[in-house]
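Chemist: Sharing a structure with you now.
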Protein chains: 2
Amino acid sequence: MQKHISSTEIMNMEKQERVHFINSLGGFKSVSLLGTTNNNGQTNLAIFSSIFHIGANPPLIAVVFRPSPPERDSLRNILETGFYTINHINENIYKQAHQTSARYDADISEFDATNLTPEYKNNFKAPFVKESNIQLGVEFKEKIDITINNTIMIIGEIKKVYFPENCLCEDGFLDLEKANTITCSGLDSYHKTIKISRLSYAKPDKAITSIT
Amino acid sequence: MQKHISSTEIMNMEKQERVHFINSLGGFKSVSLLGTTNNNGQTNLAIFSSIFHIGANPPLIAVVFRPSPPERDSLRNILETGFYTINHINENIYKQAHQTSARYDADISEFDATNLTPEYKNNFKAPFVKESNIQLGVEFKEKIDITINNTIMIIGEIKKVYFPENCLCEDGFLDLEKANTITCSGLDSYHKTIKISRLSYAKPDKAITSIT
């Protein structure tokens with residue numbers, strides 16, 4: 001049975017109910033751990049489901065931050081150091097990843113609190129998550145204020161990519177499922193995936209075919 | 001075996017290889033059909049994997065458009081009429097959904113070309129996709145030019161939501177997996193999901209528990 005909810009009913013929902021409902025509507029989401037440090041070496045780790053592709057040339061990726069206050073440590077560290085990491089989440093670490101969303105005091109690193117391991121390599125300024133199978137090193141490029149609801153979008157350029165070698169396909173496609181990357185929906189629901197198919201490039205006069 | 005690819009190697013990739021690779025890095029993505037019409041009633045339907053949640057109060061959702069040219073019919077229709085629909089994709093229609101990405105002539109509607117059914121209801125100005133299980137009616141709010149790579153972000157307010165009644169949980173969470181919504185990765189890979197768990201709200205001094 002199809003149900004219809006209108007704008008007025010959405011605005012009349014109890015706040016937490018609306019947050020759950022609206023967060024579900026955009027579909028399945030990318031979910032990753034954002035690793036940062038400040039200039040004193042104090043690390044921070046936070047889970048984000050608002051990360052998305054912006055362009056391939058140059059390779060740009062964006063993340064949306066909710067309004068401050070409270071203080072957004074990850075955002076402050078990105079602006080202070082200019083670098084951050086994006087680390088895919090797999091089933092082995094999703095509970096620890098979710099736990100990073102707790103409001104720890106500023107002097108506690110979520111790496112320590114959740115038993116995830118900061119990994120520094122190749123002179124990259126920000127800490128990767130050792131337990132993550134796909135790790136991106138990103139350089140801050142631009143901050144866009146979304147004034148309609150006081151959120152902030154941060155755009156960065158992907159400078160380094162670490163991934164399991166056997167997950168890279170010949171045409172450049174990286175098989176996230178093979179790397180055990182998971183997805184999420186709403187605020188707190190985590191999901192594995194089962195590939196249906198990759199599809200051929202669509203042309204008006206040609207039938208779509210499965211390419212793997 | 002972990003492999004490392006640097007910025008230089010990314011920029012040296014052949015163009016199509018880089019597009020596949022970088023589009024994979026953001027993780028699993030929302031994938032939906034965007035339905036529009038112009039003021040003469042000519043409909044358009046296009047698949048997007050760049051749709052994301054911006055905020056719950058008011059309920060805002062955003063989509064990123066690649067640079068023009070070519071002409072972006074969906075974008076032009078949104079700016080002309082002020083309304084559009086976002087329709088989740090399920091396994092029954094994913095090939096038709098993918099086929100909407102072919103470059104049809106401007107006088108051909110992708111609804112006709114792919115045998116998907118435009119559905120008008122409750123006086124909403126834009127066509128929904130009848131075969132979609134979760135349908136959003138959205139009103140245009142703001143256009144943001146992302147100058148770093150000439151992409152355009154469109155922010156809209158969710159005005160109407162249609163969904164299967166049995167997919168709504170008590171706390172407001174909408175069970176997308178139960179509604180058969182699928183996800184995608186890269187440019188052309190489609191995936192079903194298997195729920196791992198929903199997790200409790202995280203607090204510093206409390207262990208995470210599964211809530212369903």
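To be explicit about the labels: the chains of the structure tokens are called A, B, and onward in the order shown, and within each one the residues are counted from 1, while ligands get numbers from 1 in the order they are shown.
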Mind listing as a PyMOL selection string which residues of chain A are within 6 Å of chain B, counting only C-alpha atoms?

Modeler: chain A and resi 1-7+17+19-22+24+26-30+52-53+56+99+102+104+159-165+171-174+183+188-199+202-204

Chemist: Identify, with DSSP run on backbone atoms, the residues in region 14-200 of chain A assigned to strand (DSSP E), and express the list as a PyMOL selection string.

Modeler: chain A and resi 32-37+43-48+51-56+59-65+83-88+118-119+128-129+135-146+151-164+183-185+189-198

Chemist: In Å, how far is it from CA of Ala126 (chain B) to CA of Pro69 (chain B)?

Modeler: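 Separating CA of Ala126 (chain B) from CA of Pro69 (chain B) is a distance of 23.9 Å.
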
Chemist: Identify all residues of region 8-160 of chain A in helix (DSSP H, G or I) (DSSP on the backbone) and supply them as a PyMOL selection string.

Modeler: chain A and resi 8-12+15-25+73-81+91-99+110-114

Chemist: Just write the chosen residues, N, CA, C and O atoms, as a compact mmCIF listing (two decimals), in the first residue's frame.

Modeler:
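Printed below is out.txt as written:
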```txt
# COMPACT_ATOMS: atom_id res chain seq x y z
N THR A 8 3.68 19.59 4.92
CA THR A 8 3.13 19.98 6.22
C THR A 8 3.31 18.85 7.24
O THR A 8 3.71 19.09 8.39
N GLU A 9 3.03 17.61 6.81
CA GLU A 9 3.20 16.48 7.74
C GLU A 9 4.66 16.29 8.12
O GLU A 9 4.96 15.94 9.26
N ILE A 10 5.57 16.50 7.16
CA ILE A 10 7.00 16.40 7.48
C ILE A 10 7.36 17.42 8.56
O ILE A 10 8.03 17.10 9.55
N MET A 11 6.91 18.66 8.39
CA MET A 11 7.28 19.71 9.35
C MET A 11 6.60 19.50 10.71
O MET A 11 7.08 20.00 11.72
N ASN A 12 5.49 18.75 10.72
CA ASN A 12 4.81 18.47 11.99
C ASN A 12 5.36 17.26 12.73
O ASN A 12 4.96 16.96 13.85
N LYS A 15 10.93 16.05 16.12
CA LYS A 15 12.24 16.34 15.51
C LYS A 15 13.06 15.09 15.15
O LYS A 15 13.55 14.95 14.04
N GLN A 16 13.20 14.16 16.10
CA GLN A 16 14.06 13.01 15.86
C GLN A 16 13.46 12.08 14.80
O GLN A 16 14.19 11.49 13.99
N GLU A 17 12.14 12.01 14.76
CA GLU A 17 11.45 11.22 13.74
C GLU A 17 11.73 11.81 12.34
O GLU A 17 12.02 11.10 11.39
N ARG A 18 11.67 13.15 12.25
CA ARG A 18 11.92 13.81 10.97
C ARG A 18 13.37 13.58 10.53
O ARG A 18 13.65 13.34 9.36
N VAL A 19 14.30 13.66 11.50
CA VAL A 19 15.72 13.45 11.17
C VAL A 19 15.93 12.05 10.59
O VAL A 19 16.57 11.88 9.55
N HIS A 20 15.34 11.03 11.23
CA HIS A 20 15.45 9.66 10.71
C HIS A 20 14.82 9.55 9.32
O HIS A 20 15.39 8.97 8.40
N PHE A 21 13.63 10.11 9.18
CA PHE A 21 12.88 9.98 7.94
C PHE A 21 13.60 10.67 6.77
O PHE A 21 13.88 10.04 5.75
N ILE A 22 13.95 11.93 6.94
CA ILE A 22 14.55 12.69 5.84
C ILE A 22 15.93 12.14 5.49
O ILE A 22 16.30 12.06 4.32
N ASN A 23 16.70 11.72 6.49
CA ASN A 23 18.01 11.13 6.22
C ASN A 23 17.91 9.83 5.40
O ASN A 23 18.89 9.41 4.79
N SER A 24 16.74 9.18 5.42
CA SER A 24 16.56 7.94 4.65
C SER A 24 16.26 8.22 3.17
O SER A 24 16.53 7.37 2.32
N LEU A 25 15.73 9.38 2.89
CA LEU A 25 15.12 9.59 1.56
C LEU A 25 16.11 9.68 0.40
O LEU A 25 15.76 9.39 -0.74
N ASP A 73 35.51 19.45 15.08
CA ASP A 73 36.97 19.26 15.16
C ASP A 73 37.57 18.91 13.79
O ASP A 73 38.64 19.41 13.43
N SER A 74 36.88 18.04 13.04
CA SER A 74 37.42 17.63 11.74
C SER A 74 37.56 18.84 10.83
O SER A 74 38.58 19.03 10.16
N LEU A 75 36.52 19.65 10.80
CA LEU A 75 36.53 20.84 9.93
C LEU A 75 37.65 21.80 10.33
O LEU A 75 38.40 22.29 9.48
N ARG A 76 37.77 22.03 11.64
CA ARG A 76 38.82 22.95 12.12
C ARG A 76 40.21 22.43 11.74
O ARG A 76 41.07 23.18 11.27
N ASN A 77 40.42 21.10 11.90
CA ASN A 77 41.72 20.52 11.55
C ASN A 77 42.01 20.61 10.05
O ASN A 77 43.15 20.84 9.65
N ILE A 78 40.99 20.41 9.22
CA ILE A 78 41.17 20.51 7.76
C ILE A 78 41.61 21.92 7.39
O ILE A 78 42.54 22.12 6.61
N LEU A 79 40.94 22.91 7.98
CA LEU A 79 41.27 24.29 7.65
C LEU A 79 42.64 24.67 8.22
O LEU A 79 43.37 25.48 7.64
N GLU A 80 43.02 24.05 9.36
CA GLU A 80 44.30 24.37 10.00
C GLU A 80 45.48 23.73 9.25
O GLU A 80 46.51 24.38 9.04
N THR A 81 45.33 22.50 8.82
CA THR A 81 46.47 21.79 8.22
C THR A 81 46.39 21.67 6.70
O THR A 81 47.40 21.46 6.03
N GLU A 91 32.93 -4.38 7.19
CA GLU A 91 32.11 -4.97 8.25
C GLU A 91 32.89 -5.20 9.55
O GLU A 91 32.32 -5.19 10.63
N ASN A 92 34.20 -5.38 9.45
CA ASN A 92 35.01 -5.62 10.66
C ASN A 92 35.11 -4.40 11.58
O ASN A 92 35.43 -4.54 12.75
N ILE A 93 34.90 -3.21 11.03
CA ILE A 93 35.12 -2.01 11.85
C ILE A 93 33.90 -1.08 11.92
O ILE A 93 34.00 0.04 12.40
N TYR A 94 32.72 -1.58 11.48
CA TYR A 94 31.60 -0.62 11.38
C TYR A 94 31.10 -0.17 12.75
O TYR A 94 30.66 0.97 12.90
N LYS A 95 31.21 -1.03 13.77
CA LYS A 95 30.77 -0.59 15.10
C LYS A 95 31.72 0.47 15.67
O LYS A 95 31.30 1.45 16.26
N GLN A 96 33.03 0.21 15.49
CA GLN A 96 34.00 1.22 15.94
C GLN A 96 33.82 2.53 15.17
O GLN A 96 33.89 3.62 15.73
N ALA A 97 33.55 2.40 13.87
CA ALA A 97 33.33 3.59 13.04
C ALA A 97 32.13 4.37 13.54
O ALA A 97 32.18 5.61 13.70
N HIS A 98 31.04 3.67 13.85
CA HIS A 98 29.82 4.33 14.35
C HIS A 98 30.11 5.01 15.69
O HIS A 98 29.61 6.11 15.96
N GLN A 99 30.92 4.35 16.52
CA GLN A 99 31.23 4.89 17.85
C GLN A 99 31.97 6.24 17.78
O GLN A 99 31.89 7.03 18.72
N GLU A 110 39.44 10.02 18.91
CA GLU A 110 38.52 8.91 18.61
C GLU A 110 39.30 7.67 18.17
O GLU A 110 38.77 6.56 18.24
N PHE A 111 40.52 7.84 17.66
CA PHE A 111 41.36 6.67 17.35
C PHE A 111 41.56 5.83 18.62
O PHE A 111 41.34 4.62 18.63
N ASP A 112 41.98 6.50 19.71
CA ASP A 112 42.20 5.80 20.97
C ASP A 112 40.89 5.25 21.53
O ASP A 112 40.82 4.10 21.96
N ALA A 113 39.88 6.07 21.52
CA ALA A 113 38.61 5.70 22.15
C ALA A 113 37.97 4.50 21.48
O ALA A 113 37.25 3.73 22.12
N THR A 114 38.21 4.31 20.19
CA THR A 114 37.53 3.24 19.46
C THR A 114 38.48 2.12 19.03
O THR A 114 38.08 1.20 18.33
```

Chemist: Could you list, as a ChimeraX atom specification, every residue within 10 Å of region 117-120 of chain A, counting only C-alpha atoms and ignoring same-chain residues fewer than 4 positions away?

Modeler: /A:35-36,43-45,110-112,124-132

Chemist: Please produce a file of those selected residues containing N, CA, C and O atoms, as an mmCIF file, in the first residue's frame.

Modeler:
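That gives us result.cif:
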```
data_model
loop_
_atom_site.group_PDB
_atom_site.id
_atom_site.type_symbol
_atom_site.label_atom_id
_atom_site.label_comp_id
_atom_site.auth_asym_id
_atom_site.auth_seq_id
_atom_site.Cartn_x
_atom_site.Cartn_y
_atom_site.Cartn_z
ATOM 1 N N GLY A 35 39.846 11.214 8.709
ATOM 2 C CA GLY A 35 40.956 11.316 9.656
ATOM 3 C C GLY A 35 41.673 12.643 9.523
ATOM 4 O O GLY A 35 41.992 13.068 8.420
ATOM 5 N N THR A 36 41.904 13.296 10.658
ATOM 6 C CA THR A 36 42.615 14.581 10.643
ATOM 7 C C THR A 36 43.545 14.660 11.854
ATOM 8 O O THR A 36 43.480 13.857 12.786
ATOM 9 N N THR A 43 45.037 13.946 17.097
ATOM 10 C CA THR A 43 44.266 13.382 15.987
ATOM 11 C C THR A 43 42.763 13.391 16.270
ATOM 12 O O THR A 43 42.323 13.453 17.413
ATOM 13 N N ASN A 44 42.018 13.304 15.184
ATOM 14 C CA ASN A 44 40.563 13.237 15.260
ATOM 15 C C ASN A 44 40.061 12.275 14.195
ATOM 16 O O ASN A 44 40.634 12.192 13.105
ATOM 17 N N LEU A 45 39.003 11.531 14.522
ATOM 18 C CA LEU A 45 38.425 10.593 13.556
ATOM 19 C C LEU A 45 36.906 10.683 13.651
ATOM 20 O O LEU A 45 36.345 10.623 14.746
ATOM 21 N N GLU A 110 39.435 10.019 18.911
ATOM 22 C CA GLU A 110 38.520 8.907 18.615
ATOM 23 C C GLU A 110 39.296 7.671 18.167
ATOM 24 O O GLU A 110 38.771 6.562 18.240
ATOM 25 N N PHE A 111 40.521 7.840 17.664
ATOM 26 C CA PHE A 111 41.356 6.669 17.348
ATOM 27 C C PHE A 111 41.558 5.832 18.617
ATOM 28 O O PHE A 111 41.342 4.621 18.627
ATOM 29 N N ASP A 112 41.976 6.502 19.711
ATOM 30 C CA ASP A 112 42.204 5.800 20.973
ATOM 31 C C ASP A 112 40.891 5.252 21.534
ATOM 32 O O ASP A 112 40.824 4.096 21.965
ATOM 33 N N PHE A 124 52.444 11.854 4.165
ATOM 34 C CA PHE A 124 51.157 12.538 4.111
ATOM 35 C C PHE A 124 50.817 13.060 5.500
ATOM 36 O O PHE A 124 51.007 12.379 6.506
ATOM 37 N N LYS A 125 50.320 14.297 5.560
ATOM 38 C CA LYS A 125 50.173 15.020 6.829
ATOM 39 C C LYS A 125 49.087 14.495 7.753
ATOM 40 O O LYS A 125 49.084 14.780 8.943
ATOM 41 N N ALA A 126 48.080 13.807 7.192
ATOM 42 C CA ALA A 126 46.940 13.375 8.013
ATOM 43 C C ALA A 126 46.991 11.860 8.212
ATOM 44 O O ALA A 126 47.544 11.136 7.385
ATOM 45 N N PRO A 127 46.390 11.377 9.316
ATOM 46 C CA PRO A 127 46.433 9.940 9.613
ATOM 47 C C PRO A 127 45.380 9.148 8.831
ATOM 48 O O PRO A 127 44.209 9.529 8.783
ATOM 49 N N PHE A 128 45.813 8.038 8.219
ATOM 50 C CA PHE A 128 44.881 7.088 7.623
ATOM 51 C C PHE A 128 44.386 6.142 8.731
ATOM 52 O O PHE A 128 44.943 6.112 9.833
ATOM 53 N N VAL A 129 43.355 5.356 8.409
ATOM 54 C CA VAL A 129 42.887 4.320 9.338
ATOM 55 C C VAL A 129 43.432 2.988 8.847
ATOM 56 O O VAL A 129 43.074 2.514 7.757
ATOM 57 N N LYS A 130 44.329 2.392 9.631
ATOM 58 C CA LYS A 130 45.033 1.185 9.207
ATOM 59 C C LYS A 130 44.079 0.048 8.851
ATOM 60 O O LYS A 130 44.325 -0.725 7.921
ATOM 61 N N GLU A 131 42.966 -0.062 9.579
ATOM 62 C CA GLU A 131 42.010 -1.161 9.376
ATOM 63 C C GLU A 131 41.119 -0.959 8.154
ATOM 64 O O GLU A 131 40.284 -1.810 7.835
ATOM 65 N N SER A 132 41.248 0.154 7.477
ATOM 66 C CA SER A 132 40.416 0.436 6.301
ATOM 67 C C SER A 132 41.096 -0.111 5.051
ATOM 68 O O SER A 132 42.314 -0.013 4.904
#
```

Chemist: Select, from A:Ser109, A:Thr37, A:Asn123, A:Thr85, the residue with the minimum atom-to-atom distance to Val63 (chain A), counting only C-alpha atoms.

Modeler: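 Once distances to Val63 (chain A) are computed over only C-alpha atoms, the minimum belongs to A:Thr85.
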
Chemist: So how far away is CA of Asn90 (chain A) from CA of Ser68 (chain A), in Å?

Modeler: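 Separation of CA of Ser68 (chain A) and CA of Asn90 (chain A): 29.0 Å.
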